[in-house]
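As provided, query-v5.txt (compact mmCIF, C-alpha atoms) reads as follows.
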# COMPACT_ATOMS: atom_id res chain seq x y z
CA MET A 1141 -36.51 -16.74 15.86
CA ASN A 1142 -35.80 -16.06 19.53
CA GLY A 1143 -37.40 -18.84 21.60
CA GLY A 1144 -40.18 -19.21 19.07
CA GLU A 1145 -40.94 -15.47 19.12
CA ARG A 1146 -40.82 -13.83 15.70
CA HIS A 1147 -39.04 -10.45 15.66
CA VAL A 1148 -40.60 -8.05 13.16
CA LEU A 1149 -38.80 -4.86 12.13
CA VAL A 1150 -41.13 -2.11 10.94
CA ILE A 1151 -39.88 0.89 8.93
CA ALA A 1152 -42.49 3.65 8.76
CA ASN A 1153 -42.81 7.38 9.15
CA GLU A 1154 -46.07 9.22 8.46
CA THR A 1155 -47.97 5.96 8.08
CA VAL A 1156 -46.70 4.48 11.33
CA ALA A 1157 -50.06 4.98 13.05
CA GLY A 1158 -52.03 3.70 10.06
CA ARG A 1159 -54.66 1.05 10.67
CA SER A 1160 -53.42 -1.16 7.79
CA LEU A 1161 -49.97 -1.38 9.33
CA ILE A 1162 -51.28 -2.26 12.78
CA GLU A 1163 -53.57 -4.90 11.24
CA ALA A 1164 -50.60 -6.46 9.39
CA ILE A 1165 -48.82 -6.90 12.73
CA GLN A 1166 -51.97 -8.24 14.40
CA ARG A 1167 -52.24 -10.93 11.67
CA ARG A 1168 -48.76 -12.13 12.54
CA ARG A 1169 -49.74 -12.35 16.20
CA LYS A 1170 -52.46 -14.84 15.26
CA GLU A 1171 -49.77 -17.08 13.75
CA GLY A 1172 -47.65 -17.09 16.91
CA PRO A 1173 -45.74 -14.90 19.37
CA VAL A 1174 -44.20 -11.75 17.86
CA ARG A 1175 -41.98 -8.95 19.05
CA VAL A 1176 -42.00 -5.66 17.12
CA THR A 1177 -39.37 -2.96 16.72
CA VAL A 1178 -40.59 0.15 14.92
CA ILE A 1179 -38.04 2.51 13.36
CA THR A 1180 -39.38 5.90 12.29
CA PRO A 1181 -37.01 7.91 10.05
CA VAL A 1182 -37.57 11.67 10.10
CA ASN A 1183 -37.80 13.26 6.68
CA GLN A 1184 -35.08 15.77 5.91
CA PRO A 1185 -35.28 18.41 3.17
CA ARG A 1186 -33.00 18.19 0.16
CA GLU A 1187 -32.64 21.97 -0.01
CA GLY A 1188 -32.32 24.61 2.70
CA TYR A 1189 -32.43 24.01 6.42
CA VAL A 1190 -35.09 23.26 9.00
CA VAL A 1191 -36.22 25.83 11.55
CA TYR A 1192 -37.30 24.35 14.89
CA GLU A 1193 -36.06 20.87 13.98
CA ASP A 1194 -37.74 19.43 17.08
CA THR A 1195 -41.16 19.75 15.44
CA ARG A 1196 -40.55 17.03 12.86
CA ARG A 1197 -39.05 14.73 15.45
CA ALA A 1198 -41.87 15.45 17.92
CA ALA A 1199 -44.55 14.73 15.31
CA ALA A 1200 -42.85 11.45 14.37
CA GLY A 1201 -42.58 10.59 18.06
CA ARG A 1202 -46.30 11.12 18.63
CA ARG A 1203 -47.18 8.83 15.72
CA LEU A 1204 -44.73 6.22 16.97
CA GLU A 1205 -46.12 6.26 20.52
CA HIS A 1206 -49.66 5.83 19.14
CA THR A 1207 -48.62 2.64 17.34
CA LEU A 1208 -46.58 1.27 20.24
CA GLY A 1209 -49.52 1.88 22.57
CA ALA A 1210 -51.94 0.11 20.22
CA LEU A 1211 -49.63 -2.91 19.91
CA ARG A 1212 -48.96 -3.15 23.64
CA ALA A 1213 -52.71 -2.99 24.29
CA GLU A 1214 -52.94 -6.15 22.16
CA GLY A 1215 -50.31 -7.80 24.33
CA ILE A 1216 -47.62 -7.50 21.65
CA PRO A 1217 -44.16 -6.54 22.98
CA ALA A 1218 -43.21 -3.41 21.04
CA SER A 1219 -40.45 -0.83 21.16
CA GLY A 1220 -39.39 1.87 18.76
CA LEU A 1221 -37.10 4.73 17.92
CA VAL A 1222 -37.21 7.94 15.91
CA VAL A 1223 -34.04 8.34 13.84
CA GLU A 1224 -32.76 11.22 11.74
CA THR A 1225 -31.66 9.32 8.67
CA ASP A 1226 -33.15 7.99 5.46
CA PRO A 1227 -35.21 4.77 5.59
CA VAL A 1228 -32.66 2.58 3.81
CA ALA A 1229 -29.81 3.63 6.12
CA ALA A 1230 -32.17 3.20 9.09
CA THR A 1231 -32.88 -0.36 7.97
CA ARG A 1232 -29.19 -1.20 7.60
CA ASP A 1233 -28.43 0.23 11.04
CA ALA A 1234 -31.30 -1.72 12.62
CA LEU A 1235 -30.24 -5.00 11.02
CA ALA A 1236 -26.69 -4.50 12.29
CA GLN A 1237 -27.59 -3.42 15.82
CA LEU A 1238 -30.83 -5.07 16.95
CA GLU A 1239 -30.72 -8.01 19.34
CA PRO A 1240 -32.20 -10.44 18.67
CA PRO A 1241 -31.88 -9.79 14.94
CA PRO A 1242 -35.14 -9.34 13.01
CA ASP A 1243 -36.74 -12.29 11.25
CA GLU A 1244 -38.61 -10.13 8.76
CA ILE A 1245 -39.22 -6.53 7.73
CA ILE A 1246 -42.40 -4.57 7.09
CA VAL A 1247 -42.08 -1.32 5.14
CA SER A 1248 -45.11 0.96 5.35
CA THR A 1249 -45.75 3.73 2.82
CA HIS A 1250 -48.47 5.95 1.45
CA PRO A 1251 -50.02 4.97 -1.90
CA LEU A 1252 -47.83 5.71 -4.90
CA GLN A 1253 -49.38 9.08 -5.71
CA ARG A 1254 -48.61 10.32 -2.19
CA SER A 1255 -45.39 8.48 -1.36
CA GLY A 1256 -41.96 10.07 -1.63
CA TRP A 1257 -40.48 6.74 -0.51
CA LEU A 1258 -42.00 4.87 -3.45
CA ARG A 1259 -40.90 7.55 -5.88
CA ARG A 1260 -37.35 7.01 -4.58
CA ASN A 1261 -37.63 3.19 -4.82
CA VAL A 1262 -37.17 2.84 -1.06
CA VAL A 1263 -38.94 -0.54 -0.83
CA ASP A 1264 -36.75 -2.09 -3.54
CA ARG A 1265 -33.63 -0.66 -1.91
CA ILE A 1266 -34.63 -2.04 1.49
CA GLU A 1267 -35.19 -5.46 -0.09
CA SER A 1268 -31.63 -5.28 -1.47
CA ALA A 1269 -30.30 -4.33 1.97
CA ALA A 1270 -32.30 -7.00 3.79
CA GLY A 1271 -29.83 -9.80 3.13
CA GLY A 1272 -32.50 -12.32 2.18
CA LEU A 1273 -34.96 -11.53 4.98
CA PRO A 1274 -38.59 -11.44 3.85
CA VAL A 1275 -39.83 -7.90 3.24
CA GLU A 1276 -43.52 -7.01 3.10
CA HIS A 1277 -44.73 -3.70 1.72
CA VAL A 1278 -47.87 -2.38 3.42
CA VAL A 1279 -49.72 0.52 1.81
CA VAL A 1280 -51.53 2.84 4.23
CA ASP A 1281 -54.09 5.14 2.63
CA LEU A 1282 -54.60 7.75 5.33
CA GLU A 1283 -57.15 9.60 3.19
CA ARG A 1284 -59.55 6.67 3.67
CA GLU A 1285 -59.01 6.35 7.40
CA ALA A 1286 -61.46 8.28 9.54
CA GLY A 1287 -59.94 11.32 11.20
CA ALA A 1288 -56.74 11.11 9.17
CA GLU A 1289 -54.53 14.16 9.35
CA ALA A 1290 -53.98 16.22 6.21
CA ASN A 1291 -50.55 17.55 5.30
CA VAL A 1292 -50.69 21.16 4.13
CA LEU A 1293 -47.70 22.73 2.39
CA VAL A 1294 -47.41 26.51 2.78
CA ILE A 1295 -45.13 28.52 0.49
CA ALA A 1296 -44.36 31.99 1.84
CA ASN A 1297 -41.39 34.26 2.33
CA GLU A 1298 -41.80 37.94 3.19
CA THR A 1299 -45.53 37.43 3.79
CA VAL A 1300 -45.11 34.52 6.22
CA VAL A 1301 -46.13 36.57 9.27
CA GLY A 1302 -48.94 38.39 7.46
CA ASP A 1303 -52.30 38.28 9.22
CA PRO A 1304 -54.20 36.96 6.14
CA LEU A 1305 -51.90 33.94 5.89
CA LEU A 1306 -51.98 33.21 9.63
CA ARG A 1307 -55.79 33.44 9.53
CA LYS A 1308 -55.93 31.01 6.60
CA ILE A 1309 -53.75 28.49 8.47
CA ARG A 1310 -55.92 28.84 11.60
CA GLU A 1311 -59.10 28.35 9.54
CA ARG A 1312 -57.68 25.22 7.91
CA ALA A 1313 -56.62 23.83 11.28
CA GLN A 1314 -60.17 24.30 12.58
CA GLN A 1315 -61.68 22.43 9.61
CA GLY A 1316 -60.10 19.12 10.60
CA PRO A 1317 -56.86 17.42 11.65
CA ALA A 1318 -53.95 18.95 9.76
CA SER A 1319 -50.23 19.52 10.03
CA PHE A 1320 -48.46 22.33 8.21
CA LEU A 1321 -45.04 22.58 6.58
CA ILE A 1322 -44.09 26.20 5.85
CA ILE A 1323 -41.34 26.65 3.28
CA SER A 1324 -39.68 30.04 2.86
CA PRO A 1325 -37.73 29.97 -0.43
CA GLN A 1326 -34.67 32.18 -0.85
CA SER A 1327 -33.29 33.16 -4.24
CA ASP A 1328 -29.75 34.07 -3.11
CA LEU A 1329 -27.78 30.90 -3.82
CA THR A 1330 -24.50 32.52 -2.71
CA SER A 1331 -25.57 32.66 0.94
CA SER A 1332 -25.96 29.70 3.29
CA ALA A 1333 -27.68 31.83 5.95
CA HIS A 1334 -30.81 33.91 5.63
CA PRO A 1335 -31.28 35.62 9.02
CA ASP A 1336 -34.23 37.82 8.00
CA ALA A 1337 -36.14 34.90 6.50
CA GLU A 1338 -35.37 32.69 9.49
CA ARG A 1339 -36.48 35.40 11.92
CA ARG A 1340 -39.81 35.81 10.10
CA LEU A 1341 -40.35 32.07 9.91
CA ARG A 1342 -39.53 31.54 13.58
CA ARG A 1343 -42.02 34.24 14.51
CA ALA A 1344 -44.78 32.61 12.45
CA LEU A 1345 -44.02 29.16 13.86
CA THR A 1346 -43.93 30.47 17.42
CA ILE A 1347 -47.32 32.16 17.02
CA LEU A 1348 -49.00 29.10 15.48
CA ARG A 1349 -47.41 26.56 17.78
CA GLY A 1350 -48.48 28.68 20.73
CA GLU A 1351 -52.06 28.15 19.54
CA GLY A 1352 -51.63 24.39 19.45
CA ILE A 1353 -51.23 24.08 15.67
CA ASP A 1354 -48.93 21.31 14.41
CA VAL A 1355 -46.52 23.26 12.23
CA HIS A 1356 -42.89 23.11 11.22
CA GLY A 1357 -40.86 25.04 8.71
CA GLN A 1358 -37.72 25.37 6.70
CA VAL A 1359 -35.81 28.06 4.88
CA ALA A 1360 -35.24 26.81 1.34
CA HIS A 1361 -33.77 27.94 -1.95
CA PRO A 1362 -33.58 28.62 -4.85
CA ASP A 1363 -37.08 29.46 -6.18
CA PRO A 1364 -40.59 28.79 -4.88
CA PHE A 1365 -41.64 26.38 -7.62
CA THR A 1366 -38.54 24.22 -7.16
CA ALA A 1367 -38.88 24.29 -3.38
CA ALA A 1368 -42.56 23.28 -3.55
CA ALA A 1369 -41.97 20.59 -6.17
CA GLN A 1370 -39.20 19.04 -4.07
CA ALA A 1371 -41.40 19.02 -0.97
CA VAL A 1372 -44.18 17.27 -2.91
CA GLN A 1373 -41.66 14.77 -4.26
CA ASP A 1374 -40.21 14.00 -0.84
CA GLU A 1375 -43.28 14.00 1.39
CA ARG A 1376 -47.01 13.42 1.38
CA VAL A 1377 -48.70 16.72 0.56
CA ASP A 1378 -52.49 16.96 0.34
CA GLU A 1379 -53.00 20.69 -0.11
CA ILE A 1380 -50.91 23.75 -0.90
CA ILE A 1381 -51.26 27.36 0.25
CA VAL A 1382 -49.24 30.02 -1.58
CA SER A 1383 -48.87 33.44 0.01
CA THR A 1384 -47.74 36.46 -2.03
CA PHE A 1385 -47.97 40.22 -2.18
CA PRO A 1386 -50.95 41.40 -4.27
CA GLY A 1387 -50.65 41.64 -8.04
CA GLU A 1388 -47.86 41.00 -10.49
CA LYS A 1389 -46.40 44.49 -9.99
CA THR A 1390 -45.40 43.69 -6.41
CA SER A 1391 -45.01 39.90 -6.58
CA SER A 1392 -42.34 38.22 -8.69
CA TRP A 1393 -43.98 34.88 -7.79
CA LEU A 1394 -47.20 35.96 -9.49
CA ARG A 1395 -45.27 37.27 -12.49
CA GLY A 1396 -43.84 33.76 -12.75
CA ASP A 1397 -47.39 32.28 -12.65
CA LEU A 1398 -46.45 30.23 -9.57
CA VAL A 1399 -49.97 29.34 -8.45
CA ASN A 1400 -51.14 27.95 -11.77
CA ARG A 1401 -47.83 26.15 -12.38
CA LEU A 1402 -48.14 24.36 -9.05
CA ARG A 1403 -51.76 23.37 -9.77
CA LYS A 1404 -50.76 21.87 -13.11
CA HIS A 1405 -47.59 20.21 -11.85
CA THR A 1406 -48.94 18.65 -8.64
CA GLY A 1407 -52.64 18.11 -9.37
CA LEU A 1408 -53.30 19.25 -5.80
CA PRO A 1409 -55.67 21.95 -4.57
CA VAL A 1410 -53.72 25.22 -4.35
CA GLU A 1411 -55.07 28.24 -2.48
CA HIS A 1412 -53.64 31.71 -2.99
CA VAL A 1413 -53.51 34.20 -0.11
CA GLU A 1414 -52.52 37.81 -0.71
CA VAL A 1415 -50.82 39.87 1.99
CA GLU A 1416 -50.41 43.63 1.61
CA ARG A 1417 -46.85 44.89 1.80
CA GLU A 1418 -46.27 46.86 4.98
CA PRO A 1419 -45.41 50.52 4.32
CA GLU A 1420 -41.79 51.42 4.87
CA THR A 1421 -41.07 53.43 7.98
CA VAL A 1422 -39.84 56.94 7.22
CA LEU A 1423 -37.24 58.14 9.72
Transcribe the structure of this file into structure tokens.
Amino acid sequence: MNGGERHVLVIANETVAGRSLIEAIQRRRKEGPVRVTVITPVNQPREGYVVYEDTRRAAAGRRLEHTLGALRAEGIPASGLVVETDPVAATRDALAQLEPPPDEIIVSTHPLQRSGWLRRNVVDRIESAAGGLPVEHVVVDLEREAGAEANVLVIANETVVGDPLLRKIRERAQQGPASFLIISPQSDLTSSAHPDAERRLRRALTILRGEGIDVHGQVAHPDPFTAAAQAVQDERVDEIIVSTFPGEKTSSWLRGDLVNRLRKHTGLPVEHVEVEREPETVL
């Protein structure tokens, strides 16, 4: 301890503003003076690449500032940092660099059914990296917290700028707090760049962000089911929207029974939005 003040290192991303986490820190304050450092790792996709990378970092920053403000209002010295690395590496870096060094670690996650960190054994790995420091795991169930934001995964490629899909996203945003991750899968594994897909996705993100909707996106490959399954594995996803052309004749995703496969695989509500293919221009 530094002069009797206990230094608590908190590792948290989407749950960083959760009431259960803040209450865990407040309990420590009742036992004596505490100082808190909050490290918020930004999730990175395993496949593809992020378009408008600032959106993930900005969303993490807003959650972090909410928590720091709540702690400071309680008279608890608190600082924090958003980092672009995985939570275990972020913990190792913090332990090596922070002064004074932490006396204990709190790791905050979603419940198991919603937590990519728990599915990747992040808490156990942080305990191994902690060098004997006490590690507490705090579960934050955002679904039970009033006004909690829902995470909506959108799977769309050529239809991503279609009016029916944009309307559906706007309608969902009006129903209650929600953030959106749009994934545009690409089937060409031989190419590392997909300029047409990125241009469409940027256009959709620009439109929605201009309307104040919290949305980010990534171009991914290989196929839509794999891309969606990886996103659900890595992040908290509460709902899924799949956008396709109408009918199996025009949509290979429908021929592959994508919507039903995702419902069965994830157990999440999956909405299907159809977007008519634009007629080709005849020169």
message = Ranking A:Ile1347, A:Val1222, A:Ala1152, A:Val1279 by minimum distance to Leu1306 in chain A and counting only C-alpha atoms, which one comes first?
response =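 Checking each candidate against Leu1306 in chain A, we get A:Ile1347 as the closest.
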message = So the first atom is CA of Phe1385 in chain A and the second is CA of Leu1345 in chain A; what is the distance between them in Å, to one decimal place?
response =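 Straight-line distance from CA of Phe1385 in chain A to CA of Leu1345 in chain A works out to 19.9 Å.
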Please report, as lines of an AutoDock Vina configuration file, the centre and edge lengths in Å to one decimal of an axis-aligned box covering all listed atoms of range 1292-1295 of chain A with 6 Å per side.
center_x = -47.9
center_y = 24.8
center_z = 2.3
size_x = 17.6
size_y = 19.4
size_z = 15.6
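Distances to Glu1298 in chain A were evaluated for A:Arg1167, A:Arg1343, A:Arg1395, A:Arg1349 using all atoms listed in the file, and the minimum falls at A:Arg1343.
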ask   = Which protein, DNA or RNA residues are at most 7 Å from (-53.9, 30.2, -6.0) in the file's coordinates when you count all atoms listed in the file, listed as a list in words?
value =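 The requested residues, written out, are Val1382, Val1399, Asn1400, Val1410, Glu1411 and His1412 of chain A.
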request  = Name the residues in contact with Thr1346 in chain A at a cut-off of 12 Å, using only C-alpha atoms, excluding same-chain residues fewer than 3 positions from it; report them as a PyMOL selection string.
outcome  = chain A and resi 1191-1192+1195+1300-1301+1306+1338-1343+1349-1357
ask   = So, counting only C-alpha atoms, which residue among A:Glu1145, A:Glu1214, A:Asp1281, A:Glu1154 is closest to Glu1171 in chain A?
value = A:Glu1145
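For the atom pair formed by CA of Leu1293 in chain A and CA of Gln1373 in chain A, the distance is 12.0 Å, given to one decimal.
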key: Polymer residues at most 12 Å from Arg1212 in chain A, only C-alpha atoms, same-chain spacing of 2 or more positions, as a ChimeraX atom specification   = /A:1162,1165-1166,1169,1174-1177,1205-1210,1214-1220
task = Can you work out which one of A:Glu1388, A:Val1150, A:Val1294, A:Ser1255 has the shortest atom-to-atom distance to Leu1204 in chain A, counting only C-alpha atoms?
result =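 Closest to Leu1204 in chain A, using only C-alpha atoms: A:Val1150.
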request  = Tell me which protein, DNA and RNA residues are within 12 Å of Gly1387 in chain A, counting only C-alpha atoms, leaving out same-chain ones fewer than 2 positions away, and put them as a PyMOL selection string.
outcome  = chain A and resi 1383-1385+1389-1397+1412-1417
request  = Name all residues at most 8 Å from Gln1326 in chain A (count all atoms listed in the file; drop same-chain ones fewer than 6 positions away) and give them as number ranges by chain.
outcome  = A: 1297, 1334, 1337, 1359-1364
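In this structure, CA of Val1278 in chain A sits 25.6 Å away from CA of Ala1369 in chain A.
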key: A:Thr1366, A:Gln1315, A:Thr1180, A:Gln1358 ranked by distance to Leu1398 in chain A, top pick (using all atoms listed in the file)   =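 Using all atoms listed in the file, the shortest distance to Leu1398 in chain A belongs to A:Thr1366.
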message = Ranking A:Ile1266, A:Leu1258, A:Ile1322, A:Val1156 by minimum distance to Leu1221 in chain A and counting all atoms listed in the file, which one comes first?
response =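 For Leu1221 in chain A, the nearest of the given residues is A:Val1156.
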query = Can you list, as a list in words, every protein, DNA or RNA residue that comes within 10 Å of Pro1241 in chain A when you count all atoms listed in the file, leaving out same-chain residues fewer than 3 positions away?
reply =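 In the requested form, the answer reads Met1141, Asn1142, Arg1146, His1147, Val1148, Leu1149, Ala1234, Leu1235, Ala1236, Gln1237, Leu1238 and Glu1244 of chain A.
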